[in-house]
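Visitor: So here's structure00.cif (mmCIF, C-alpha atoms (C1' of nucleotides)).
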data_input
#
loop_
_atom_site.label_atom_id
_atom_site.label_comp_id
_atom_site.auth_asym_id
_atom_site.auth_seq_id
_atom_site.Cartn_x
_atom_site.Cartn_y
_atom_site.Cartn_z
CA MET A 1 -9.51 -71.94 132.57
CA LYS A 2 -11.57 -68.85 133.13
CA LEU A 3 -9.80 -65.54 132.75
CA GLU A 4 -11.02 -64.50 136.19
CA GLU A 5 -8.78 -67.15 137.70
CA GLU A 6 -5.83 -66.58 135.37
CA ILE A 7 -5.45 -62.92 136.17
CA LYS A 8 -7.13 -63.18 139.56
CA GLN A 9 -9.77 -60.61 139.02
CA ALA A 10 -13.04 -61.30 140.78
CA LYS A 11 -15.16 -59.74 138.09
CA PHE A 12 -14.94 -57.45 135.12
CA GLN A 13 -16.82 -54.29 134.29
CA ASP A 14 -18.73 -56.12 131.61
CA GLU A 15 -18.33 -58.83 128.98
CA TRP A 16 -16.76 -56.43 126.52
CA GLN A 17 -14.09 -55.36 128.96
CA LYS A 18 -13.35 -58.97 129.73
CA ALA A 19 -13.21 -59.81 126.04
CA LEU A 20 -10.51 -57.20 125.42
CA LEU A 21 -8.32 -58.53 128.20
CA ASN A 22 -9.08 -62.08 127.18
CA ILE A 23 -7.91 -61.53 123.62
CA MET A 24 -4.66 -59.90 124.70
CA TYR A 25 -4.07 -62.45 127.42
CA THR A 26 -4.73 -65.42 125.16
CA GLY A 27 -2.65 -63.88 122.38
CA ASN A 28 0.28 -63.48 124.73
CA TRP A 29 -0.25 -66.97 126.02
CA LEU A 30 -0.02 -68.36 122.49
CA THR A 31 3.00 -66.21 121.69
CA ASP A 32 4.71 -67.43 124.85
CA ASN A 33 4.19 -70.99 123.69
CA PHE A 34 5.84 -70.23 120.37
CA MET A 35 8.68 -68.49 122.17
CA VAL A 36 9.36 -71.56 124.28
CA ILE A 37 9.44 -73.83 121.24
CA SER A 38 11.55 -71.43 119.18
CA LYS A 39 14.07 -71.02 121.94
CA LYS A 40 14.79 -74.76 121.83
CA TYR A 41 16.07 -74.16 118.30
CA ALA A 42 18.10 -71.02 119.07
CA ILE A 43 15.64 -68.60 117.47
CA ASN A 44 12.72 -66.58 118.77
CA ASP A 45 9.06 -66.36 117.87
CA GLN A 46 9.64 -63.53 115.41
CA HIS A 47 12.29 -65.52 113.57
CA TYR A 48 9.92 -68.45 113.48
CA ASN A 49 7.13 -66.31 112.09
CA ILE A 50 9.45 -65.03 109.37
CA LEU A 51 10.57 -68.54 108.45
CA ARG A 52 6.93 -69.64 108.21
CA ILE A 53 6.17 -66.75 105.87
CA LEU A 54 9.18 -67.64 103.73
CA ARG A 55 8.19 -71.29 103.59
CA GLY A 56 4.75 -70.20 102.45
CA LYS A 57 6.37 -68.36 99.53
CA TYR A 58 8.98 -70.98 98.69
CA PRO A 59 10.46 -71.42 96.12
CA ASN A 60 9.72 -67.75 95.49
CA CYS A 61 11.38 -64.96 97.39
CA ILE A 62 9.87 -61.98 99.14
CA CYS A 63 11.22 -58.60 100.20
CA PRO A 64 11.53 -57.35 103.79
CA GLY A 65 8.77 -54.82 103.30
CA GLU A 66 6.31 -57.55 102.37
CA ILE A 67 7.43 -59.67 105.29
CA LYS A 68 6.82 -56.80 107.65
CA GLU A 69 3.31 -56.28 106.31
CA VAL A 70 2.43 -59.89 106.84
CA LEU A 71 4.01 -60.46 110.24
CA VAL A 72 1.55 -61.24 112.99
CA ASN A 73 3.68 -59.21 115.37
CA LYS A 74 5.42 -56.11 114.09
CA ARG A 75 7.75 -55.81 117.05
CA GLY A 76 11.42 -56.00 116.27
CA ASP A 77 13.80 -54.68 113.70
CA LEU A 78 13.36 -56.62 110.49
CA THR A 79 16.86 -55.93 109.16
CA ARG A 80 18.43 -57.32 112.32
CA LEU A 81 16.01 -60.22 112.59
CA LEU A 82 17.02 -61.17 109.05
CA ASP A 83 20.70 -60.58 109.87
CA LYS A 84 20.48 -63.33 112.42
CA LEU A 85 18.65 -65.72 110.10
CA VAL A 86 21.24 -65.08 107.39
CA LYS A 87 24.05 -65.66 109.85
CA MET A 88 22.44 -68.94 110.85
CA GLU A 89 22.17 -69.76 107.13
CA LEU A 90 18.43 -70.26 107.44
CA VAL A 91 17.69 -67.65 104.77
CA ASP A 92 19.44 -66.10 101.80
CA ARG A 93 19.34 -62.37 101.15
CA ASN A 94 20.24 -60.77 97.84
CA ILE A 95 19.70 -57.45 96.19
CA ASN A 96 16.88 -57.59 93.66
CA ALA A 97 18.13 -57.39 90.10
CA GLU A 98 15.26 -55.33 88.70
CA ASN A 99 14.95 -52.87 91.55
CA ARG A 100 18.17 -52.46 93.41
CA ARG A 101 16.45 -50.78 96.34
CA MET A 102 14.80 -54.04 97.16
CA VAL A 103 16.12 -57.19 98.72
CA ASP A 104 15.08 -60.72 97.86
CA VAL A 105 14.77 -62.98 100.84
CA ILE A 106 14.36 -66.72 100.45
CA ILE A 107 14.43 -69.61 102.88
CA THR A 108 17.33 -72.05 102.47
CA GLN A 109 17.19 -75.83 102.56
CA LYS A 110 18.65 -75.60 106.04
CA GLY A 111 15.79 -73.30 106.99
CA LEU A 112 13.24 -75.69 105.55
CA ASN A 113 14.85 -78.53 107.45
CA LEU A 114 14.68 -76.58 110.69
CA LEU A 115 10.98 -75.87 110.19
CA ALA A 116 10.36 -79.52 109.43
CA GLU A 117 12.13 -80.41 112.63
CA MET A 118 10.02 -77.93 114.56
CA ASP A 119 6.71 -78.95 113.04
CA PRO A 120 5.83 -81.62 115.60
CA ASP A 121 6.38 -79.24 118.50
CA VAL A 122 4.38 -76.56 116.78
CA ASN A 123 1.55 -78.93 115.97
CA GLN A 124 1.33 -79.64 119.65
CA VAL A 125 0.71 -75.96 120.39
CA GLU A 126 -1.52 -75.51 117.41
CA ASN A 127 -3.65 -78.43 118.39
CA ILE A 128 -6.59 -76.46 119.64
CA LYS A 129 -8.84 -78.87 117.82
CA ALA A 130 -8.84 -80.75 121.06
CA HIS A 131 -10.43 -77.79 122.80
CA ILE A 132 -12.82 -76.14 120.39
CA SER A 133 -14.96 -77.32 117.49
CA GLU A 134 -14.60 -76.09 113.93
CA GLU A 135 -17.86 -74.21 114.40
CA ASP A 136 -16.43 -72.48 117.48
CA ALA A 137 -13.34 -71.54 115.51
CA LYS A 138 -15.46 -70.07 112.77
CA VAL A 139 -17.55 -68.08 115.24
CA LEU A 140 -14.38 -66.85 116.93
CA ASN A 141 -12.91 -65.72 113.62
CA ASP A 142 -16.03 -63.80 112.71
CA ILE A 143 -16.15 -62.01 116.04
CA LEU A 144 -12.45 -61.11 115.99
CA ASP A 145 -12.74 -59.80 112.44
CA LYS A 146 -15.69 -57.68 113.55
CA ILE A 147 -13.80 -56.27 116.53
CA ARG A 148 -11.02 -54.89 114.36
CA GLY A 149 -13.74 -53.18 112.34
CA MET B 1 -11.75 -56.53 108.28
CA LYS B 2 -11.09 -60.14 107.47
CA LEU B 3 -7.77 -61.56 108.59
CA GLU B 4 -7.12 -62.80 105.07
CA GLU B 5 -6.82 -59.20 103.91
CA GLU B 6 -4.93 -57.94 106.95
CA ILE B 7 -2.09 -60.38 106.63
CA LYS B 8 -2.62 -60.94 102.91
CA GLN B 9 -3.01 -64.65 103.00
CA ALA B 10 -5.40 -66.05 100.44
CA LYS B 11 -6.57 -68.87 102.63
CA PHE B 12 -5.69 -70.79 105.76
CA GLN B 13 -5.22 -74.47 106.38
CA ASP B 14 -8.44 -74.57 108.32
CA GLU B 15 -10.57 -72.51 110.69
CA TRP B 16 -8.49 -73.55 113.69
CA GLN B 17 -5.26 -72.40 112.10
CA LYS B 18 -6.87 -69.11 111.21
CA ALA B 19 -8.22 -68.74 114.73
CA LEU B 20 -4.75 -69.03 116.25
CA LEU B 21 -3.33 -66.35 113.99
CA ASN B 22 -6.42 -64.25 114.45
CA ILE B 23 -6.11 -64.24 118.24
CA MET B 24 -2.44 -63.29 118.15
CA TYR B 25 -2.97 -60.72 115.44
CA THR B 26 -5.94 -59.11 117.17
CA GLY B 27 -4.14 -59.19 120.52
CA ASN B 28 -1.18 -57.38 119.03
CA TRP B 29 -3.49 -54.97 117.31
CA LEU B 30 -5.10 -54.08 120.64
CA THR B 31 -1.72 -53.83 122.35
CA ASP B 32 -0.49 -51.52 119.62
CA ASN B 33 -3.45 -49.26 120.25
CA PHE B 34 -2.59 -49.06 123.93
CA MET B 35 1.04 -48.39 123.07
CA VAL B 36 0.10 -45.44 120.90
CA ILE B 37 -2.06 -43.93 123.63
CA SER B 38 0.50 -44.59 126.36
CA LYS B 39 3.27 -43.02 124.36
CA LYS B 40 1.38 -39.74 124.30
CA TYR B 41 1.80 -39.69 128.07
CA ALA B 42 5.48 -40.70 128.11
CA ILE B 43 4.86 -44.27 129.32
CA ASN B 44 4.35 -47.58 127.54
CA ASP B 45 1.60 -50.17 127.53
CA GLN B 46 3.21 -52.16 130.33
CA HIS B 47 3.40 -49.10 132.54
CA TYR B 48 -0.22 -48.40 131.76
CA ASN B 49 -1.23 -51.94 132.63
CA ILE B 50 0.58 -51.64 135.96
CA LEU B 51 -1.08 -48.33 136.75
CA ARG B 52 -4.49 -49.83 135.99
CA ILE B 53 -3.79 -52.71 138.34
CA LEU B 54 -2.72 -50.29 141.05
CA ARG B 55 -5.81 -48.15 140.58
CA GLY B 56 -7.90 -51.27 140.96
CA LYS B 57 -6.29 -51.88 144.34
CA TYR B 58 -6.28 -48.28 145.52
CA PRO B 59 -6.12 -47.21 148.34
CA ASN B 60 -4.47 -50.53 149.14
CA CYS B 61 -1.01 -51.44 147.98
CA ILE B 62 0.24 -54.55 146.21
CA CYS B 63 3.66 -56.16 145.89
CA PRO B 64 5.59 -56.62 142.61
CA GLY B 65 5.06 -60.37 142.69
CA GLU B 66 1.31 -59.94 142.68
CA ILE B 67 1.52 -57.36 139.94
CA LYS B 68 3.51 -59.74 137.80
CA GLU B 69 0.96 -62.51 138.27
CA VAL B 70 -1.87 -60.28 137.17
CA LEU B 71 -0.21 -58.55 134.22
CA VAL B 72 -1.78 -59.33 130.88
CA ASN B 73 1.66 -59.30 129.33
CA LYS B 74 4.59 -60.61 131.32
CA ARG B 75 7.23 -59.10 129.08
CA GLY B 76 9.60 -56.66 130.73
CA ASP B 77 11.52 -56.38 133.94
CA LEU B 78 9.12 -55.44 136.70
CA THR B 79 11.78 -53.82 138.88
CA ARG B 80 12.80 -51.49 136.09
CA LEU B 81 9.25 -50.84 134.96
CA LEU B 82 8.48 -49.75 138.51
CA ASP B 83 11.74 -47.77 138.68
CA LYS B 84 10.46 -45.60 135.89
CA LEU B 85 7.02 -45.15 137.43
CA VAL B 86 8.63 -44.20 140.75
CA LYS B 87 10.91 -41.74 139.01
CA MET B 88 7.89 -40.21 137.31
CA GLU B 89 6.23 -40.06 140.75
CA LEU B 90 3.27 -42.04 139.47
CA VAL B 91 3.71 -44.73 142.14
CA ASP B 92 5.23 -45.01 145.60
CA ARG B 93 7.38 -47.98 146.57
CA ASN B 94 8.23 -48.87 150.15
CA ILE B 95 9.57 -51.90 151.94
CA ASN B 96 6.80 -53.80 153.68
CA ALA B 97 6.95 -53.44 157.46
CA GLU B 98 5.85 -56.96 158.34
CA ASN B 99 7.87 -58.82 155.73
CA ARG B 100 10.93 -56.93 154.76
CA ARG B 101 11.50 -59.07 151.67
CA MET B 102 8.40 -57.58 150.16
CA VAL B 103 7.75 -54.20 148.65
CA ASP B 104 4.52 -52.24 148.87
CA VAL B 105 3.61 -50.47 145.67
CA ILE B 106 0.80 -47.93 145.57
CA ILE B 107 -0.37 -45.48 142.97
CA THR B 108 0.07 -41.79 143.82
CA GLN B 109 -2.42 -39.00 143.32
CA LYS B 110 -0.33 -37.95 140.35
CA GLY B 111 -0.70 -41.46 138.97
CA LEU B 112 -4.45 -41.39 139.48
CA ASN B 113 -4.61 -38.03 137.75
CA LEU B 114 -2.66 -39.36 134.80
CA LEU B 115 -5.02 -42.31 134.44
CA ALA B 116 -8.02 -40.00 134.66
CA GLU B 117 -6.48 -37.93 131.91
CA MET B 118 -5.92 -41.02 129.79
CA ASP B 119 -9.38 -42.48 130.34
CA PRO B 120 -11.09 -40.79 127.39
CA ASP B 121 -8.43 -42.01 124.97
CA VAL B 122 -8.60 -45.50 126.41
CA ASN B 123 -12.38 -45.59 126.27
CA GLN B 124 -12.07 -44.87 122.61
CA VAL B 125 -9.97 -48.00 122.10
CA GLU B 126 -12.05 -50.05 124.46
CA ASN B 127 -15.21 -49.13 122.69
CA ILE B 128 -15.78 -52.42 120.98
CA LYS B 129 -19.41 -52.21 121.97
CA ALA B 130 -19.80 -50.48 118.65
CA HIS B 131 -18.62 -53.60 116.85
CA ILE B 132 -19.88 -56.62 118.74
CA SER B 133 -22.91 -57.38 120.89
CA GLU B 134 -22.77 -58.40 124.54
CA GLU B 135 -23.78 -61.89 123.44
CA ASP B 136 -20.86 -62.00 120.99
CA ALA B 137 -18.50 -60.91 123.74
CA LYS B 138 -19.79 -63.65 126.00
CA VAL B 139 -19.40 -66.28 123.29
CA LEU B 140 -15.89 -65.01 122.56
CA ASN B 141 -14.91 -65.22 126.21
CA ASP B 142 -16.16 -68.77 126.49
CA ILE B 143 -14.26 -69.90 123.42
CA LEU B 144 -11.02 -68.21 124.47
CA ASP B 145 -11.27 -69.71 127.94
CA LYS B 146 -11.75 -73.13 126.32
CA ILE B 147 -8.73 -72.70 124.06
CA ARG B 148 -6.40 -72.14 126.99
CA GLY B 149 -7.75 -75.36 128.40
"C1'" DC C 1 19.39 -34.15 81.62
"C1'" DT C 2 18.82 -32.32 86.36
"C1'" DA C 3 16.60 -31.65 90.54
"C1'" DC C 4 13.41 -33.24 93.68
"C1'" DA C 5 10.35 -36.38 95.77
"C1'" DA C 6 9.30 -41.11 96.86
"C1'" DT C 7 10.53 -45.86 98.08
"C1'" DA C 8 13.12 -49.66 100.38
"C1'" DT C 9 16.22 -50.75 103.45
"C1'" DT C 10 20.01 -50.02 106.66
"C1'" DT C 11 22.40 -48.01 110.47
"C1'" DG C 12 23.45 -45.36 114.92
"C1'" DT C 13 22.09 -44.81 119.33
"C1'" DA C 14 19.34 -44.98 123.33
"C1'" DA C 15 15.99 -47.51 125.75
"C1'" DT C 16 14.01 -51.82 126.95
"C1'" DT C 17 13.98 -56.71 127.80
"C1'" DA C 18 15.83 -61.42 128.88
"C1'" DC C 19 18.25 -64.23 131.73
"C1'" DG C 20 21.14 -65.75 135.02
"C1'" DT C 21 23.04 -64.43 139.43
"C1'" DA C 22 23.22 -61.92 143.78
"C1'" DT C 23 21.18 -59.94 147.88
"C1'" DT C 24 18.23 -59.69 151.62
"C1'" DT C 25 14.97 -61.50 154.64
"C1'" DT C 26 12.03 -65.07 156.48
"C1'" DA C 27 10.90 -69.95 157.53
"C1'" DA C 28 12.00 -74.53 158.99
"C1'" DG C 29 14.60 -78.20 160.84
"C1'" DT C 30 17.96 -79.95 164.20
"C1'" DA D 1 20.70 -70.67 168.49
"C1'" DC D 2 22.56 -72.28 164.04
"C1'" DT D 3 22.33 -73.97 159.53
"C1'" DT D 4 20.02 -74.53 155.44
"C1'" DA D 5 16.27 -73.76 152.35
"C1'" DA D 6 12.87 -70.84 150.37
"C1'" DA D 7 10.88 -66.48 148.91
"C1'" DA D 8 10.88 -61.77 147.03
"C1'" DT D 9 13.19 -58.55 144.73
"C1'" DA D 10 17.18 -56.29 142.60
"C1'" DC D 11 21.12 -56.17 139.60
"C1'" DG D 12 24.83 -57.02 135.83
"C1'" DT D 13 25.27 -57.88 131.29
"C1'" DA D 14 24.16 -59.22 126.73
"C1'" DA D 15 20.65 -59.25 123.36
"C1'" DT D 16 16.75 -57.12 121.37
"C1'" DT D 17 13.83 -53.31 120.13
"C1'" DA D 18 12.40 -48.49 119.09
"C1'" DC D 19 13.17 -44.37 116.89
"C1'" DA D 20 15.22 -41.17 114.11
"C1'" DA D 21 18.29 -40.27 110.65
"C1'" DA D 22 21.14 -41.87 106.78
"C1'" DT D 23 21.88 -44.26 102.44
"C1'" DA D 24 20.86 -45.86 98.04
"C1'" DT D 25 17.89 -46.31 94.18
"C1'" DT D 26 14.06 -45.24 91.28
"C1'" DG D 27 10.40 -42.30 89.41
"C1'" DT D 28 8.99 -37.93 87.65
"C1'" DA D 29 8.34 -33.04 86.58
"C1'" DG D 30 10.30 -29.33 84.27
#
Rewrite the structure from the file as structure tokens, please.

Guide:
Amino acid sequence: MKLEEEIKQAKFQDEWQKALLNIMYTGNWLTDNFMVISKKYAINDQHYNILRILRGKYPNCICPGEIKEVLVNKRGDLTRLLDKLVKMELVDRNINAENRRMVDVIITQKGLNLLAEMDPDVNQVENIKAHISEEDAKVLNDILDKIRG
Amino acid sequence: MKLEEEIKQAKFQDEWQKALLNIMYTGNWLTDNFMVISKKYAINDQHYNILRILRGKYPNCICPGEIKEVLVNKRGDLTRLLDKLVKMELVDRNINAENRRMVDVIITQKGLNLLAEMDPDVNQVENIKAHISEEDAKVLNDILDKIRG
DNA sequence: CTACAATATTTGTAATTACGTATTTTAAGT
DNA sequence: ACTTAAAATACGTAATTACAAATATTGTAG
């Protein structure tokens, strides 16, 4: 659906202006989708993002600082986000033996199971293959990378 | 800068997967830029978005429901977001005479002045003309519109 | 070895946001 | 006119987030 209809604006200043709004709007739209899915499993989109990062590292661990760097969305307080995941037993958190300032975070089996359970729902959202070609995706990636300079 | 470097992921499943992350990442990146600018003027990006919508309507007013529909980001409690703008005297809020359920919101001169003051900063952020061509922007818009289906 | 700066994370507190519920007003049906 | 439903917004409360400051540990210069 054209952005003009979504945010009910007859026309934009120019294509660049529209592109900026379109990126933010579509980004929020995707995030909202992840929020809806995550909520079904008693977590939010940030928790989900963290679990995905941890699964990517598994069976290795990773410290909060690295997680923060890699998060798609930096909103939220990492310590408290992890607090909740620990409380739900989805991740383990231990002080690093070599450098006691650091904390090792690792996803638990329960966390892996949860992600596995969520995968079908997520695939549904991530199934943009139905809408754009691989070539389109590649073009999109190039343009977005260029925008961020 | 390539997304791979930004979020330190060696490679992605496929171009589609990367595109999804890229949209959300770039959207957040843009939003963060607006947040930084807004903060300099004691408001946040949502407040700024609302003020822009109101300027677009000026000298007409618009009700909260319509504002909500048009907002790029639906996060936040519109009543309280407006509370703050009213308190800062950047907008006026009055019960609609014809339909007393509705509320007329209009930007004040002070609000218009603030936006005018912010414009140079915002133009800086919005200056993606330096990075992508009009044709690129058009292609990007088409692809994003397709993704949302 | 000691003092000082740097790093990684946590915590306190205030502000913001989410979410369900309440309030007020209009519309519609009988 | 009266009752009920719908619409638009506001509000109470709990959860989340932002921001600054605190804590703990390591690295380093003298």

Visitor: Give me the result of the PyMOL selection byres ((chain B) within 8 of (chain C)) on this file, residue by residue, as a PDB file with C-alpha atoms, in the coordinates of the input.

Guide:
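Final output, selection-v2.pdb:
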ATOM      1  CA  ARG B  75       7.230 -59.100 129.080  1.00  0.00           C
ATOM      2  CA  GLY B  76       9.600 -56.660 130.730  1.00  0.00           C
ATOM      3  CA  ASP B  77      11.520 -56.380 133.940  1.00  0.00           C
ATOM      4  CA  ASN B  99       7.870 -58.820 155.730  1.00  0.00           C
ATOM      5  CA  ARG B 100      10.930 -56.930 154.760  1.00  0.00           C
ATOM      6  CA  ARG B 101      11.500 -59.070 151.670  1.00  0.00           C
TER       7      ARG B 101
END

Visitor: Would you pick out the contacts of range 102-107 of chain A at 6 Å or less, using only C-alpha atoms (C1' of nucleotides), so that residues sharing its chain but fewer than 4 positions from it are not included, and give the list as a list in words?

Guide: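 Close residues of range 102-107 of chain A: Leu54, Cys61, Ile62, Cys63, Val91, Asp92, Arg93, Asn94, Ile95, Asn96 and Gly111 of chain A; DA8 of chain C.
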
Visitor: I need the output of the PyMOL selection byres ((chain B) within 9 of (chain A)) for this file as an NGL selection string; which residues are they?

Guide: :B and (1-3 or 6-9 or 14-31 or 69-74 or 126-149)

Visitor: How would the residues just picked look written out with C-alpha atoms as a CSV table (one decimal), in the frame of the given file?

Guide:
chain,number,residue,atom,x,y,z
B,1,MET,CA,-11.8,-56.5,108.3
B,2,LYS,CA,-11.1,-60.1,107.5
B,3,LEU,CA,-7.8,-61.6,108.6
B,6,GLU,CA,-4.9,-57.9,107.0
B,7,ILE,CA,-2.1,-60.4,106.6
B,8,LYS,CA,-2.6,-60.9,102.9
B,9,GLN,CA,-3.0,-64.6,103.0
B,14,ASP,CA,-8.4,-74.6,108.3
B,15,GLU,CA,-10.6,-72.5,110.7
B,16,TRP,CA,-8.5,-73.6,113.7
B,17,GLN,CA,-5.3,-72.4,112.1
B,18,LYS,CA,-6.9,-69.1,111.2
B,19,ALA,CA,-8.2,-68.7,114.7
B,20,LEU,CA,-4.8,-69.0,116.2
B,21,LEU,CA,-3.3,-66.4,114.0
B,22,ASN,CA,-6.4,-64.2,114.4
B,23,ILE,CA,-6.1,-64.2,118.2
B,24,MET,CA,-2.4,-63.3,118.2
B,25,TYR,CA,-3.0,-60.7,115.4
B,26,THR,CA,-5.9,-59.1,117.2
B,27,GLY,CA,-4.1,-59.2,120.5
B,28,ASN,CA,-1.2,-57.4,119.0
B,29,TRP,CA,-3.5,-55.0,117.3
B,30,LEU,CA,-5.1,-54.1,120.6
B,31,THR,CA,-1.7,-53.8,122.4
B,69,GLU,CA,1.0,-62.5,138.3
B,70,VAL,CA,-1.9,-60.3,137.2
B,71,LEU,CA,-0.2,-58.6,134.2
B,72,VAL,CA,-1.8,-59.3,130.9
B,73,ASN,CA,1.7,-59.3,129.3
B,74,LYS,CA,4.6,-60.6,131.3
B,126,GLU,CA,-12.0,-50.0,124.5
B,127,ASN,CA,-15.2,-49.1,122.7
B,128,ILE,CA,-15.8,-52.4,121.0
B,129,LYS,CA,-19.4,-52.2,122.0
B,130,ALA,CA,-19.8,-50.5,118.6
B,131,HIS,CA,-18.6,-53.6,116.8
B,132,ILE,CA,-19.9,-56.6,118.7
B,133,SER,CA,-22.9,-57.4,120.9
B,134,GLU,CA,-22.8,-58.4,124.5
B,135,GLU,CA,-23.8,-61.9,123.4
B,136,ASP,CA,-20.9,-62.0,121.0
B,137,ALA,CA,-18.5,-60.9,123.7
B,138,LYS,CA,-19.8,-63.6,126.0
B,139,VAL,CA,-19.4,-66.3,123.3
B,140,LEU,CA,-15.9,-65.0,122.6
B,141,ASN,CA,-14.9,-65.2,126.2
B,142,ASP,CA,-16.2,-68.8,126.5
B,143,ILE,CA,-14.3,-69.9,123.4
B,144,LEU,CA,-11.0,-68.2,124.5
B,145,ASP,CA,-11.3,-69.7,127.9
B,146,LYS,CA,-11.8,-73.1,126.3
B,147,ILE,CA,-8.7,-72.7,124.1
B,148,ARG,CA,-6.4,-72.1,127.0
B,149,GLY,CA,-7.8,-75.4,128.4

Visitor: Contacts of Ser38 in chain B at 12 Å or less, counting all atoms listed in the file, minus same-chain residues fewer than 6 places along, as a PyMOL selection string?

Guide: chain B and resi 31-32+44-51+114-115+117-119+121-122+125

Visitor: Around the point (10.8, -74.3, 103.3), in the coordinates given by the file, pick out the residues reaching within 6 Å, counting all atoms listed in the file, and return them as a PDB file with C-alpha atoms, in the frame of the given file.

Guide:
ATOM      1  CA  ARG A  55       8.190 -71.290 103.590  1.00  0.00           C
ATOM      2  CA  TYR A  58       8.980 -70.980  98.690  1.00  0.00           C
ATOM      3  CA  ILE A 107      14.430 -69.610 102.880  1.00  0.00           C
ATOM      4  CA  LEU A 112      13.240 -75.690 105.550  1.00  0.00           C
TER       5      LEU A 112
END

Visitor: Report as a PyMOL selection string the residues that result from applying the PyMOL selection byres ((chain D) within 12 of (chain B)) to the structure here.

Guide: chain D and resi 6-11+16-18

Visitor: Could you write out that same residue set with C-alpha atoms (C1' of nucleotides) as a compact mmCIF listing (two decimals), in the frame of the given file?

Guide:
# COMPACT_ATOMS: atom_id res chain seq x y z
C1' DA D 6 12.87 -70.84 150.37
C1' DA D 7 10.88 -66.48 148.91
C1' DA D 8 10.88 -61.77 147.03
C1' DT D 9 13.19 -58.55 144.73
C1' DA D 10 17.18 -56.29 142.60
C1' DC D 11 21.12 -56.17 139.60
C1' DT D 16 16.75 -57.12 121.37
C1' DT D 17 13.83 -53.31 120.13
C1' DA D 18 12.40 -48.49 119.09

Visitor: Do you have the CA of Tyr41 in chain A-CA of Lys57 in chain A distance handy?

Guide: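 Spanning CA of Tyr41 in chain A to CA of Lys57 in chain A is a straight-line distance of 21.9 Å.
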
Visitor: What is the CA of Pro59 in chain B to CA of Val36 in chain B distance in Å?

Guide: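 According to the coordinates, CA of Pro59 in chain B and CA of Val36 in chain B are separated by 28.2 Å.
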
Visitor: Enter the distance from CA of Glu89 in chain A to CA of Thr108 in chain A, in Å, rounded to one decimal.

Guide: 7.1 Å
